[in-house]
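Colleague: Mind looking over this structure? Questions follow.
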Amino acid sequence: MGERLMDELFVGKSFARMDKDKVIGRANFINDITLPRMLHAKILYSARPHARIKSIDTSKAEKLMGVRAVLTGFNVPEVKVGFLGDQTPLKKDKVRQFRDEVAAVAAIDEDTAEEALDLIKVEYEDLPAVYDPIEAMKPDAPLVHEFDARGKPRRNNLLPLPWKLEAGDVRKARESSKYVVKDRFSTQWVHQTCMGTSGGIAEFDVNGNLIFRSVTNVPFGGKDRLDMFLKNLGLKGRSRVLTPYVGGSFGSKLDTDIYEFILVLLAWKTGCPVKIVFSRKEEFLASPPRQPVIATVEQGCDSNGRLTFRNIDMILDNGAYTSWGATTPSVMMIPVSSLYRVPNVKFQATCVYTNNIYAQAMRGYGNPQATFVIEQSMDQLAEASGIDAIEFRKINANVPYEKTPMDLKITTCPMSECLEIVEKRLNWSEKRNQKTSRGVGVASFLHVGGGARVYLSDAQGIIMKVDDEGKVTVITGGTDQGQGSETIIKQMVAEATGFRPEDVSIFQGDTEVCPWDVGTHASRHAFITGHAVLLAGADVKRKVLDLAARWMPEMIRFDLSKRARKDPNFQVPLLDFSPLMDTNNLELRNAEVFLKDDPENKHFRLPVAKILRRAHLVGTGKGEMVVAEAFYDPPNEMLNREGKGNLSCCYTFGAHGVEVEVDEETGLVTILNYVAAHDVGRAINPMLVKGQIYGATVMGCGYALTEEIQTNHGRVMNPNLLDYKILTAKDKIPIDPVIVEPIEPSGPFGAKGIGEPACVPSAPAIVNAIYDAVGVRIKDLPVTPEKLLKAIKEKKAKEQ
Amino acid sequence: MRTFDYFKPVCVEEALFLLNKFADKSKLVAGGTDVMVQWKKRIISPVALISLRNIPELNFIRMNDCLEIGSATTHRSLELSADIKSKFPAIYDAVSNIGSVQVRNSATIGGNLCNAAPSADSAPPMLVLDTGVNIVSSDGQRSIPIDQFFKGPGKTVVQPNEVVKSFSIATPPENTGMAYWKHTRRSAMDLPILGVAVLLSFDEDIKTCVKARIGLSVVAPTPIRARKAEEFLLGNVVNEASLDEAGKIAASECSPRTTIRGSDWYRREMARVLVKRVGLISTERASHFSKLES
Amino acid sequence: MKRSISFSVNGDTVQVEVHPHWNLLRVLREELELTGAKQGCGEGECGACTVLVNGLPINSCIYPIMEVEGKDVLTIEGLASRDGALHPVQEAFLEKAGVQCGFCTPGMIMSAKALLDANPDPDEEEIRQALAGNMCRCTGYIQIIESVKHAAALLSSIEQEA
């Protein structure tokens, strides 16, 4: 399956994007959908970081004309939600962060709903709060949660998720190491900042079933959570999740968010469809971002520069509640244990409750934080051992077909090749160590490339049907977040079946119709869908050819005799129909069936549309149709109790190299050159692969230099696009993307997943380049001009 | 419902009439890029918005003996004016980097100055150009120098019954160079951490300074001039060393605050660095123009 | 109190009852059901709401509706010809993958169109300057810039043919 097909027609080519509706303004996002009788919801958030709710007075809001429901924790059933069940949609006893949902309103329009919020009076009794995870770990710290989800008293702010991984003997390895470095690094809160803000529409149908239009990229997981919520509310209905176009995701839409449960409550209470779309401010205040980590890293190597051990201890600010952010250490373990060959590894991660906004996953799922700390430590260790930073990485580079200390089974692995590409294209040997305000830096990464078994299943279902116009409909449980799945699915289906991409249409986004999928996350969509397409596509093709073998001889005979009737001069040729009757002799291409060994034979060639029409419209007799299905679950393993297991059937590798110029008087950093070398297995569509590399790299550069959720005592201070600085078109980052294609045997058409990884190595590569340029290392992200200038000044003061 | 009435006078007289009628319940609006956002955020809730967008006598760029700019001239019109770019490059530097093309197509220079944000980009260049602000009311007209225009964050000398009509700028003497630098973390869509405009007029030798103006934003409650630094440069030979000294003096004249956008120490330090740099650009531009002229 | 105003949208004259505090985006999306322009921030920062008024790109989310009276508004819906043929800028965004999630796309395309109307052969810096007010989180802008360059080439080849 993984072998490269020599005569591929569609895969490997840069087809244009096929989502035409997006360029004509007809792509409907959640914002664009209006339903009859629809109400608009608004949520009142906490005005305190940590306080008891003494009372909520909603009487005035309820009386406002146009208001249909005002909900609080006091007038809805108390149902726990979330990964650890540590919150209710509307808070009753106390608030634990500024984003706590205290009340919700449904009204006939947004203005009225907004006005109603102003009329709700909440009385709070302030409680001592804690914002720093290290403070929160102290025995006398205020408790964010007094009780766990089961009502058992809690003694501290630690989450019951002790992430640990140990392989080999770190203590012994440390003793025998020639060089050892140890340091502490930290990262900031960053936000996914999707251009489309969060939103949803909930409605109950006449049978009491919930129809939920959602921006989720995990429709079936979302459906499960909604079904559970309905059950816990005591409702009998089941839920159906519809996913319209999504204005970006980047991890923000993995979990069912609190506003979605609130919409269900409002729709239930009002009997009307209820919609919410977040303002940009709400998006920053109330959608969960990537959490910060504080990491202590210790690494050693022998006299030849070979890594001997790695010991990493991390503290993660979880915020006030638990979403998928708390599970990111499972992915952090991958680089911690397996980025470069390191025989002895120890890792421990502690997630801590604070009164901050709470954490969710974001592109890379913990890998950006982990790689940031590892790759800086790698540079420090290279320097300590007197070996060039790229050389040091090459000495320790991962190699193909090796098992790592976490029991990851690496297959194809062009890591050294990627490092060499960076070395060459950056002109590394000339640019390194110049200390002229310009410098170069490098960082590598590995990431899951073949999905990741974070649930019991890592599967996707797909259904393909062929109609009697010769068109293929693909029904898939996956979702598109903009990566271009429509385009590549059409390419892959065309390749697998013998139709053309323009013959294929995609149906997705309806749990009632689409087959099950675990979700579009973990860079898995192209990989898993590709496999499912290959399985179902082979079946479709076989079924079409079976029908062709059955019907073609008769159809051709009929056509020829019809022609002879109309045209007296036409001589019916003498044809041997027997080869047509064996499916194995037939081939399907360009939506036509013909003889494999005699493709030029113009008599023995029929469009699929005609054959299907014949098969459907048999008159008297037994008609047939072509429908195929597949459910592909990759051979990925769940992590065992020790945190080990082959999470993904392949891993993707790469290296980023950056040349920067530092303005030593202002602390501003300019990126002069950026090489992004990526192992993609095989590019299904090179242009779209580059799109993922460009987009993720620029996001990674923002992580390094400009992006940060600034908080003051738990309050987000910059909830707008002016002060939360994602990069603009004018912030030029000259990226040179290099696609390396080792052709992955476990991948569909040889491909690996590529959605996330390019945002992983940017920050360490940039920070390493800054160090090369000016000799100071910024250990806390982002590298603001202030931090950098201060460090440069301190260094100069020391030197004098 | 929270709303307002929207008036579109077609001449200044009509605008003044409406101002008098609605008095403090009204708000003047030009491009609306600040006012509409302030309204949405509930910072302001006027009964009447009086638009200055449709008044031809407020929308012009006139270059005779002096430059006169109508207050409702958009940043984009200024950016695209060849005269502004060649003869008043400090204005060009400022207006071409305010917001986006979309914002600049709406937002006006009068709006930017009257909004009186400490970070207003057009303020430092207007300060160094000794701009006169022409203000009208139904009682008549008055002109005041721009360095007396700002009274505090969001506050100017403009009275509730007055409209800023235009800005008058004398053509700078020969051998003058000017520039504005907006110090930001992002290349676009940003407010300055610090804004610096410098104007230097030279003797024929292009070395001795006969006039110096330094305008700074974000370092005080209003955009300010660094007068001591200007005095230091006046009569002095301008070079890297003297500009370095001028930067130090300018930094000492600043009283910046620490906000989420930058610390006080960093802003002061940037005043030092950027006054020197923008001074160097101005010097270079002066020598470039004098070469062109000779 | 509502006011009645009249203006042109994509070549059609429309008469709409509006509250004076409404902005153009709200009227386009909610009164005229032209949902192509998006609200990404509501404050003139992100550019997703960009439409052309009398040929100039503006942020419709903060553009007072009362100022639209008598003006020509062009939205993404009016860019393709009525027979459905894409405008070269639209075609170029598909061909060079200037589109990903598609949320910023309508605004981005309108800004690009305005740029090419004024400057048929922009260089990279001019494109970056013209699109600085259209934020995109998916693409990193590079393929958007390639799309605009490609659109310029398509437009100039059309011009040469004509």
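We name chains A, B, ... following the order of the structure tokens; residues begin at 1 in each chain, and ligands are numbered from 1 as shown.
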Name the residues in contact with Asn64 in chain B at a cut-off of 12 Å, using only C-alpha atoms, excluding same-chain residues fewer than 2 positions from it; report them as a VMD selection string.
Modeller: chain B and resid 61 to 62 66 to 69 83 168 to 171
Colleague: Residues of the last selection are to be written out with all heavy atoms, as a short mmCIF file (atom, residue, chain, number, x, y, z; two decimals), in the first residue's frame.
Modeller:
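Contents of part.cif, freshly written:
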data_model
loop_
_atom_site.label_atom_id
_atom_site.label_comp_id
_atom_site.auth_asym_id
_atom_site.auth_seq_id
_atom_site.Cartn_x
_atom_site.Cartn_y
_atom_site.Cartn_z
N ILE B 61 -6.01 69.21 0.27
CA ILE B 61 -4.59 69.41 0.52
C ILE B 61 -4.18 70.54 -0.41
O ILE B 61 -4.31 70.41 -1.63
CB ILE B 61 -3.76 68.14 0.17
CG1 ILE B 61 -4.27 66.93 0.95
CG2 ILE B 61 -2.27 68.37 0.42
CD1 ILE B 61 -3.73 65.60 0.45
N ARG B 62 -3.76 71.67 0.16
CA ARG B 62 -3.43 72.83 -0.68
C ARG B 62 -1.99 73.20 -0.44
O ARG B 62 -1.55 73.34 0.69
CB ARG B 62 -4.35 74.00 -0.33
CG ARG B 62 -4.94 74.64 -1.57
CD ARG B 62 -6.02 75.67 -1.33
NE ARG B 62 -6.37 76.02 0.00
CZ ARG B 62 -7.60 75.93 0.50
NH1 ARG B 62 -8.58 75.42 -0.24
NH2 ARG B 62 -7.87 76.32 1.72
N CYS B 66 2.25 78.08 1.71
CA CYS B 66 2.34 77.14 2.82
C CYS B 66 1.45 75.95 2.50
O CYS B 66 0.70 75.96 1.53
CB CYS B 66 1.93 77.81 4.13
SG CYS B 66 0.18 78.11 4.24
N LEU B 67 1.58 74.92 3.34
CA LEU B 67 0.73 73.74 3.16
C LEU B 67 -0.49 73.89 4.04
O LEU B 67 -0.38 74.24 5.22
CB LEU B 67 1.51 72.49 3.57
CG LEU B 67 0.71 71.18 3.67
CD1 LEU B 67 0.21 70.72 2.31
CD2 LEU B 67 1.56 70.09 4.31
N GLU B 68 -1.65 73.65 3.46
CA GLU B 68 -2.84 73.63 4.28
C GLU B 68 -3.59 72.32 4.04
O GLU B 68 -3.78 71.91 2.90
CB GLU B 68 -3.73 74.84 4.00
CG GLU B 68 -4.71 75.06 5.13
CD GLU B 68 -5.47 76.38 5.05
OE1 GLU B 68 -5.15 77.19 4.17
OE2 GLU B 68 -6.38 76.55 5.87
N ILE B 69 -3.94 71.69 5.15
CA ILE B 69 -4.62 70.39 5.05
C ILE B 69 -5.97 70.51 5.74
O ILE B 69 -6.05 70.92 6.91
CB ILE B 69 -3.80 69.28 5.75
CG1 ILE B 69 -2.41 69.16 5.12
CG2 ILE B 69 -4.53 67.95 5.67
CD1 ILE B 69 -1.47 68.24 5.89
N ASP B 83 3.09 65.63 -3.31
CA ASP B 83 3.67 66.79 -2.61
C ASP B 83 4.03 66.47 -1.17
O ASP B 83 5.09 66.84 -0.67
CB ASP B 83 2.67 67.96 -2.62
CG ASP B 83 2.70 68.69 -3.96
OD1 ASP B 83 3.72 68.57 -4.67
OD2 ASP B 83 1.70 69.36 -4.28
N SER B 168 -2.34 74.48 9.17
CA SER B 168 -1.46 75.28 8.32
C SER B 168 -0.01 74.99 8.68
O SER B 168 0.36 74.99 9.85
CB SER B 168 -1.71 76.77 8.53
OG SER B 168 -3.04 77.07 8.27
N ILE B 169 0.75 74.75 7.66
CA ILE B 169 2.16 74.40 7.88
C ILE B 169 3.01 75.24 6.94
O ILE B 169 2.84 75.19 5.71
CB ILE B 169 2.40 72.90 7.60
CG1 ILE B 169 1.55 72.05 8.55
CG2 ILE B 169 3.86 72.56 7.72
CD1 ILE B 169 1.42 70.61 8.14
N ALA B 170 3.90 76.02 7.51
CA ALA B 170 4.79 76.84 6.68
C ALA B 170 5.75 75.94 5.93
O ALA B 170 6.17 74.90 6.43
CB ALA B 170 5.54 77.82 7.55
N THR B 171 6.07 76.32 4.71
CA THR B 171 7.06 75.55 3.97
C THR B 171 8.40 75.67 4.70
O THR B 171 8.82 76.77 5.05
CB THR B 171 7.22 76.13 2.55
OG1 THR B 171 5.92 76.18 1.96
CG2 THR B 171 8.11 75.25 1.70
#
Colleague: As a list of chain:residue names, could you give me every residue of chain B near chain C (at most 8 Å apart, counting only C-alpha atoms)?
Modeller: B:Thr3, B:Phe4, B:Asp5, B:Tyr6, B:Gly31, B:Gly32, B:Thr33, B:Met36, B:Val37, B:Gly99, B:Ser100, B:Val101, B:Gln102, B:Val103, B:Asn105, B:Ser106, B:Ala188, B:Met189
Colleague: Restricted to all heavy atoms, what would the selected residues look like written as a compact mmCIF listing (two decimals), in the first residue's frame?
Modeller:
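The new file selection08.txt reads:
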# COMPACT_ATOMS: atom_id res chain seq x y z
N THR B 3 -28.88 54.03 20.75
CA THR B 3 -28.64 54.43 19.36
C THR B 3 -28.24 55.90 19.33
O THR B 3 -28.05 56.51 20.37
CB THR B 3 -29.89 54.16 18.48
OG1 THR B 3 -29.55 54.41 17.11
CG2 THR B 3 -31.06 55.02 18.89
N PHE B 4 -28.07 56.43 18.16
CA PHE B 4 -27.81 57.87 18.02
C PHE B 4 -28.41 58.33 16.70
O PHE B 4 -28.75 57.50 15.85
CB PHE B 4 -26.31 58.18 18.07
CG PHE B 4 -25.46 57.34 17.15
CD1 PHE B 4 -25.49 57.51 15.76
CD2 PHE B 4 -24.60 56.37 17.68
CE1 PHE B 4 -24.69 56.74 14.94
CE2 PHE B 4 -23.81 55.58 16.84
CZ PHE B 4 -23.85 55.76 15.48
N ASP B 5 -28.55 59.62 16.56
CA ASP B 5 -28.95 60.13 15.26
C ASP B 5 -27.69 60.58 14.54
O ASP B 5 -26.71 60.96 15.17
CB ASP B 5 -29.95 61.29 15.42
CG ASP B 5 -30.92 61.28 14.24
OD1 ASP B 5 -30.64 60.60 13.23
OD2 ASP B 5 -31.96 61.97 14.33
N TYR B 6 -27.73 60.50 13.25
CA TYR B 6 -26.50 60.73 12.47
C TYR B 6 -26.75 61.87 11.49
O TYR B 6 -27.65 61.78 10.65
CB TYR B 6 -26.14 59.45 11.72
CG TYR B 6 -24.73 59.42 11.19
CD1 TYR B 6 -23.71 58.84 11.94
CD2 TYR B 6 -24.42 59.93 9.92
CE1 TYR B 6 -22.41 58.78 11.45
CE2 TYR B 6 -23.12 59.87 9.44
CZ TYR B 6 -22.12 59.30 10.20
OH TYR B 6 -20.85 59.24 9.71
N GLY B 31 -13.82 59.99 10.04
CA GLY B 31 -13.77 58.65 9.44
C GLY B 31 -14.53 57.61 10.25
O GLY B 31 -14.95 56.60 9.74
N GLY B 32 -14.64 57.86 11.54
CA GLY B 32 -15.39 56.94 12.39
C GLY B 32 -14.57 55.78 12.92
O GLY B 32 -15.08 54.97 13.69
N THR B 33 -13.31 55.68 12.53
CA THR B 33 -12.53 54.50 12.94
C THR B 33 -12.25 54.50 14.44
O THR B 33 -12.06 53.43 15.02
CB THR B 33 -11.20 54.41 12.17
OG1 THR B 33 -10.51 55.66 12.31
CG2 THR B 33 -11.45 54.14 10.70
N MET B 36 -16.61 55.09 16.08
CA MET B 36 -17.51 53.93 16.00
C MET B 36 -17.07 52.83 16.98
O MET B 36 -17.90 52.14 17.56
CB MET B 36 -17.55 53.37 14.58
CG MET B 36 -18.26 54.26 13.59
SD MET B 36 -20.04 54.44 13.89
CE MET B 36 -20.68 52.93 13.15
N VAL B 37 -15.76 52.70 17.15
CA VAL B 37 -15.27 51.68 18.09
C VAL B 37 -15.55 52.12 19.53
O VAL B 37 -16.00 51.32 20.36
CB VAL B 37 -13.76 51.42 17.87
CG1 VAL B 37 -13.22 50.47 18.94
CG2 VAL B 37 -13.52 50.83 16.47
N GLY B 99 -2.67 52.19 10.99
CA GLY B 99 -3.63 51.12 10.70
C GLY B 99 -3.35 50.45 9.37
O GLY B 99 -2.21 50.15 9.04
N SER B 100 -4.44 50.24 8.62
CA SER B 100 -4.33 49.55 7.34
C SER B 100 -4.80 50.48 6.23
O SER B 100 -5.28 51.59 6.51
CB SER B 100 -5.26 48.34 7.37
OG SER B 100 -6.58 48.77 7.66
N VAL B 101 -4.71 50.04 5.00
CA VAL B 101 -5.26 50.82 3.89
C VAL B 101 -6.74 51.11 4.17
O VAL B 101 -7.21 52.23 3.98
CB VAL B 101 -5.13 50.05 2.55
CG1 VAL B 101 -5.84 50.80 1.43
CG2 VAL B 101 -3.66 49.83 2.21
N GLN B 102 -7.45 50.07 4.67
CA GLN B 102 -8.87 50.25 4.95
C GLN B 102 -9.10 51.36 5.96
O GLN B 102 -9.99 52.20 5.81
CB GLN B 102 -9.47 48.94 5.51
CG GLN B 102 -9.51 47.78 4.54
CD GLN B 102 -8.30 46.88 4.66
OE1 GLN B 102 -7.17 47.35 4.67
NE2 GLN B 102 -8.52 45.58 4.75
N VAL B 103 -8.30 51.34 7.02
CA VAL B 103 -8.44 52.37 8.06
C VAL B 103 -8.07 53.73 7.47
O VAL B 103 -8.77 54.73 7.67
CB VAL B 103 -7.54 52.04 9.27
CG1 VAL B 103 -7.42 53.24 10.21
CG2 VAL B 103 -8.10 50.84 10.03
N ASN B 105 -8.30 54.78 4.52
CA ASN B 105 -9.30 55.28 3.59
C ASN B 105 -10.45 55.98 4.31
O ASN B 105 -11.20 56.72 3.70
CB ASN B 105 -9.87 54.14 2.74
CG ASN B 105 -9.05 53.91 1.49
OD1 ASN B 105 -8.48 54.84 0.92
ND2 ASN B 105 -8.98 52.66 1.05
N SER B 106 -10.60 55.71 5.59
CA SER B 106 -11.66 56.35 6.36
C SER B 106 -11.10 57.40 7.31
O SER B 106 -11.60 58.51 7.39
CB SER B 106 -12.44 55.31 7.17
OG SER B 106 -13.23 54.51 6.34
N ALA B 188 2.89 46.15 11.15
CA ALA B 188 1.68 46.87 10.76
C ALA B 188 0.62 46.63 11.81
O ALA B 188 0.78 45.79 12.69
CB ALA B 188 1.19 46.36 9.40
N MET B 189 -0.48 47.36 11.70
CA MET B 189 -1.62 47.21 12.61
C MET B 189 -1.18 47.31 14.07
O MET B 189 -1.57 46.52 14.91
CB MET B 189 -2.31 45.85 12.38
CG MET B 189 -2.84 45.66 10.99
SD MET B 189 -3.83 47.03 10.38
CE MET B 189 -5.27 46.91 11.41
Colleague: Pull out every residue of chain A that has at least one atom within 9 Å of chain B, counting only C-alpha atoms, and report them as a ChimeraX atom specification.
Modeller: /A:111-112,115,665-666,668,705-706,710,717-718,721-723,725-732,784-786,789-790
Colleague: Name the closest residue to chain C among the candidates A:Glu486, A:Glu123, A:Glu708, A:Glu469; distances are taken between atoms, counting only C-alpha atoms.
Modeller: A:Glu486
Colleague: Output the contact residues of chain C with respect to chain A at a cut-off of 8 Å, based on only C-alpha atoms, as a PyMOL selection string.
Modeller: chain C and resi 29+35-37+39-42+45-46+76-77+79-80+86+90+93-97+99-106+109+125+128-129+131-143
Colleague: With only C-alpha atoms as the counted atoms, please give the residues lying no more than 6 Å from range 195-203 of chain B, apart from itself and same-chain residues fewer than 2 positions off, as a PyMOL selection string.
Modeller: chain B and resi 124-125+128+175-182+192+205-206+208-217+279
Colleague: Taking only range 32-273 of chain B into account, list the residues labelled strand (DSSP E or B) by DSSP (computed from the backbone), as a VMD selection string.
Modeller: chain B and resid 48 to 51 61 to 63 66 to 70 74 108 132 to 137 140 to 145 150 to 152 155 to 156 163 to 170 176 to 183 194 to 202 208 to 217 224 to 225 237 259 262
Colleague: Please produce a file of those selected residues containing C-alpha atoms, as an mmCIF file, in the first residue's frame.
Modeller:
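Dumped to part-v8.cif:
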data_model
loop_
_atom_site.group_PDB
_atom_site.id
_atom_site.type_symbol
_atom_site.label_atom_id
_atom_site.label_comp_id
_atom_site.auth_asym_id
_atom_site.auth_seq_id
_atom_site.Cartn_x
_atom_site.Cartn_y
_atom_site.Cartn_z
ATOM 1 C CA ALA B 48 -26.147 62.902 17.811
ATOM 2 C CA LEU B 49 -23.159 62.114 15.689
ATOM 3 C CA ILE B 50 -22.229 64.972 13.412
ATOM 4 C CA SER B 51 -20.278 63.755 10.435
ATOM 5 C CA ILE B 61 -4.585 69.405 0.525
ATOM 6 C CA ARG B 62 -3.434 72.825 -0.679
ATOM 7 C CA MET B 63 0.144 73.673 -1.367
ATOM 8 C CA CYS B 66 2.337 77.135 2.823
ATOM 9 C CA LEU B 67 0.735 73.736 3.163
ATOM 10 C CA GLU B 68 -2.843 73.630 4.285
ATOM 11 C CA ILE B 69 -4.625 70.393 5.055
ATOM 12 C CA GLY B 70 -8.351 70.146 5.653
ATOM 13 C CA THR B 74 -8.034 61.006 5.028
ATOM 14 C CA THR B 108 -8.685 61.505 8.937
ATOM 15 C CA GLY B 132 -1.103 75.947 13.163
ATOM 16 C CA VAL B 133 -4.505 74.539 14.012
ATOM 17 C CA ASN B 134 -7.381 76.554 12.582
ATOM 18 C CA ILE B 135 -10.499 76.242 14.671
ATOM 19 C CA VAL B 136 -13.915 77.703 13.904
ATOM 20 C CA SER B 137 -17.035 78.263 15.898
ATOM 21 C CA GLY B 140 -15.494 83.188 14.626
ATOM 22 C CA GLN B 141 -12.151 81.688 13.931
ATOM 23 C CA ARG B 142 -8.965 81.203 15.899
ATOM 24 C CA SER B 143 -5.619 79.649 15.227
ATOM 25 C CA ILE B 144 -3.412 78.075 17.792
ATOM 26 C CA PRO B 145 -0.008 76.466 17.507
ATOM 27 C CA PHE B 150 -3.166 68.878 23.400
ATOM 28 C CA LYS B 151 -4.363 69.066 26.980
ATOM 29 C CA GLY B 152 -4.222 65.471 28.134
ATOM 30 C CA LYS B 155 -8.311 66.165 25.597
ATOM 31 C CA THR B 156 -7.591 69.165 23.406
ATOM 32 C CA VAL B 163 -14.705 72.458 14.785
ATOM 33 C CA VAL B 164 -11.105 72.041 13.713
ATOM 34 C CA LYS B 165 -11.112 73.273 10.171
ATOM 35 C CA SER B 166 -7.596 72.876 8.897
ATOM 36 C CA PHE B 167 -3.909 72.704 9.629
ATOM 37 C CA SER B 168 -1.456 75.276 8.316
ATOM 38 C CA ILE B 169 2.156 74.401 7.878
ATOM 39 C CA ALA B 170 4.786 76.842 6.682
ATOM 40 C CA THR B 176 15.686 70.974 5.914
ATOM 41 C CA GLY B 177 15.255 67.299 6.558
ATOM 42 C CA MET B 178 12.500 65.613 8.496
ATOM 43 C CA ALA B 179 11.389 62.120 9.368
ATOM 44 C CA TYR B 180 9.074 60.172 11.628
ATOM 45 C CA TRP B 181 9.708 56.744 13.074
ATOM 46 C CA LYS B 182 7.053 54.553 14.613
ATOM 47 C CA HIS B 183 8.612 52.016 16.932
ATOM 48 C CA LEU B 194 7.162 55.263 20.896
ATOM 49 C CA GLY B 195 6.828 57.701 18.016
ATOM 50 C CA VAL B 196 9.617 60.099 17.128
ATOM 51 C CA ALA B 197 9.640 62.924 14.612
ATOM 52 C CA VAL B 198 12.676 65.095 13.996
ATOM 53 C CA LEU B 199 13.018 68.159 11.802
ATOM 54 C CA LEU B 200 16.391 69.741 11.274
ATOM 55 C CA SER B 201 17.181 72.833 9.224
ATOM 56 C CA PHE B 202 20.780 73.495 8.376
ATOM 57 C CA THR B 208 25.208 73.580 11.495
ATOM 58 C CA CYS B 209 21.717 73.339 12.819
ATOM 59 C CA VAL B 210 19.665 76.499 12.473
ATOM 60 C CA LYS B 211 16.382 74.951 13.527
ATOM 61 C CA ALA B 212 15.617 71.792 15.440
ATOM 62 C CA ARG B 213 12.327 70.232 16.312
ATOM 63 C CA ILE B 214 11.800 66.940 18.088
ATOM 64 C CA GLY B 215 8.313 65.535 18.584
ATOM 65 C CA LEU B 216 7.620 62.483 20.701
ATOM 66 C CA SER B 217 4.525 60.419 21.332
ATOM 67 C CA ILE B 224 5.345 66.491 23.386
ATOM 68 C CA ARG B 225 8.288 68.403 22.024
ATOM 69 C CA VAL B 237 27.095 70.863 14.388
ATOM 70 C CA THR B 259 1.615 49.715 30.212
ATOM 71 C CA GLY B 262 5.893 48.749 27.028
#
Colleague: Identify, on the basis of only C-alpha atoms, every residue whose closest approach to Ser437 in chain A does not exceed 9 Å; exclude the query and any residue fewer than 5 positions from it along the same chain; express the result as a list in words.
Modeller: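 The contact residues come out as Val660, Glu661, Val662, Asp663, Glu664, Ile770, Asp772, Ala773 and Val774 of chain A.
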Colleague: Given the choices A:Gly200, A:Pro162, A:Gly702, A:Pro757, which gets closest to Gly643 in chain A if the distance is worked out from only C-alpha atoms?
Modeller: A:Pro162
Colleague: According to DSSP computed on the backbone, where in range 126-341 of chain A is there helix (DSSP H, G or I)? Give the residues as a ChimeraX atom specification.
Modeller: /A:133-136,170-175,219-233,258-270,280-286,324-327,329-338
Colleague: Could you name the residues that touch Ile276 in chain A at 7 Å or less, counting only C-alpha atoms, but leaving out those on the same chain fewer than 3 positions away, as a list in words?
Modeller: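 Residues near the query, excluding close chain neighbours: His40, Ala41, Lys42, Gly199, Gly200 and Ile201 of chain A.
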Colleague: Just the selected residues (N, CA and C atoms), exported as a short mmCIF file (atom, residue, chain, number, x, y, z; two decimals), in the first residue's frame, please.
Modeller:
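selection-v8.cif written:
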data_model
loop_
_atom_site.label_atom_id
_atom_site.label_comp_id
_atom_site.auth_asym_id
_atom_site.auth_seq_id
_atom_site.Cartn_x
_atom_site.Cartn_y
_atom_site.Cartn_z
N HIS A 40 -30.86 34.71 20.15
CA HIS A 40 -29.43 34.99 20.29
C HIS A 40 -29.04 34.95 21.76
N ALA A 41 -27.92 34.31 22.01
CA ALA A 41 -27.49 34.15 23.39
C ALA A 41 -26.31 35.05 23.71
N LYS A 42 -26.25 35.44 24.98
CA LYS A 42 -25.07 36.14 25.51
C LYS A 42 -24.79 35.56 26.89
N GLY A 199 -18.55 29.74 18.02
CA GLY A 199 -19.99 29.93 17.97
C GLY A 199 -20.71 28.62 17.77
N GLY A 200 -22.02 28.66 17.87
CA GLY A 200 -22.81 27.46 17.66
C GLY A 200 -24.28 27.80 17.65
N ILE A 201 -25.06 26.85 17.18
CA ILE A 201 -26.52 26.99 17.22
C ILE A 201 -27.09 25.66 17.72
#
Colleague: In Å, how far is it from CA of Glu707 in chain A to CA of Val767 in chain A?
Modeller: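 These two atoms are separated by 14.6 Å.
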Colleague: Could you pull the residues within 6 Å of range 115-118 of chain B, counting only C-alpha atoms, minus those fewer than 3 positions along the same chain, as an MDAnalysis selection string?
Modeller: chainID B and resid 111:112 153:155 217:218 221:223
Colleague: For Leu159 in chain A, please output as an MDAnalysis selection string all residues within 10 Å (counting only C-alpha atoms; exclusion window: fewer than 4 positions along the same chain).
Modeller: chainID A and resid 84 148 154 318 321:322 326 350:353
Colleague: Deliver the residues from the most recent selection as a file, using C-alpha atoms, as an mmCIF file, in the first residue's frame.
Modeller:
data_model
loop_
_atom_site.group_PDB
_atom_site.id
_atom_site.type_symbol
_atom_site.label_atom_id
_atom_site.label_comp_id
_atom_site.auth_asym_id
_atom_site.auth_seq_id
_atom_site.Cartn_x
_atom_site.Cartn_y
_atom_site.Cartn_z
ATOM 1 C CA LEU A 84 -12.297 15.806 34.805
ATOM 2 C CA ASP A 148 -13.198 16.889 43.265
ATOM 3 C CA ARG A 154 -9.110 18.112 47.863
ATOM 4 C CA ASN A 318 -3.792 24.365 34.097
ATOM 5 C CA TYR A 321 -10.616 23.913 35.070
ATOM 6 C CA THR A 322 -9.467 20.973 33.054
ATOM 7 C CA ALA A 326 -3.901 18.866 30.880
ATOM 8 C CA THR A 350 2.639 18.386 37.019
ATOM 9 C CA CYS A 351 -0.542 20.219 36.090
ATOM 10 C CA VAL A 352 -1.631 22.775 38.651
ATOM 11 C CA TYR A 353 -4.938 24.516 39.186
#
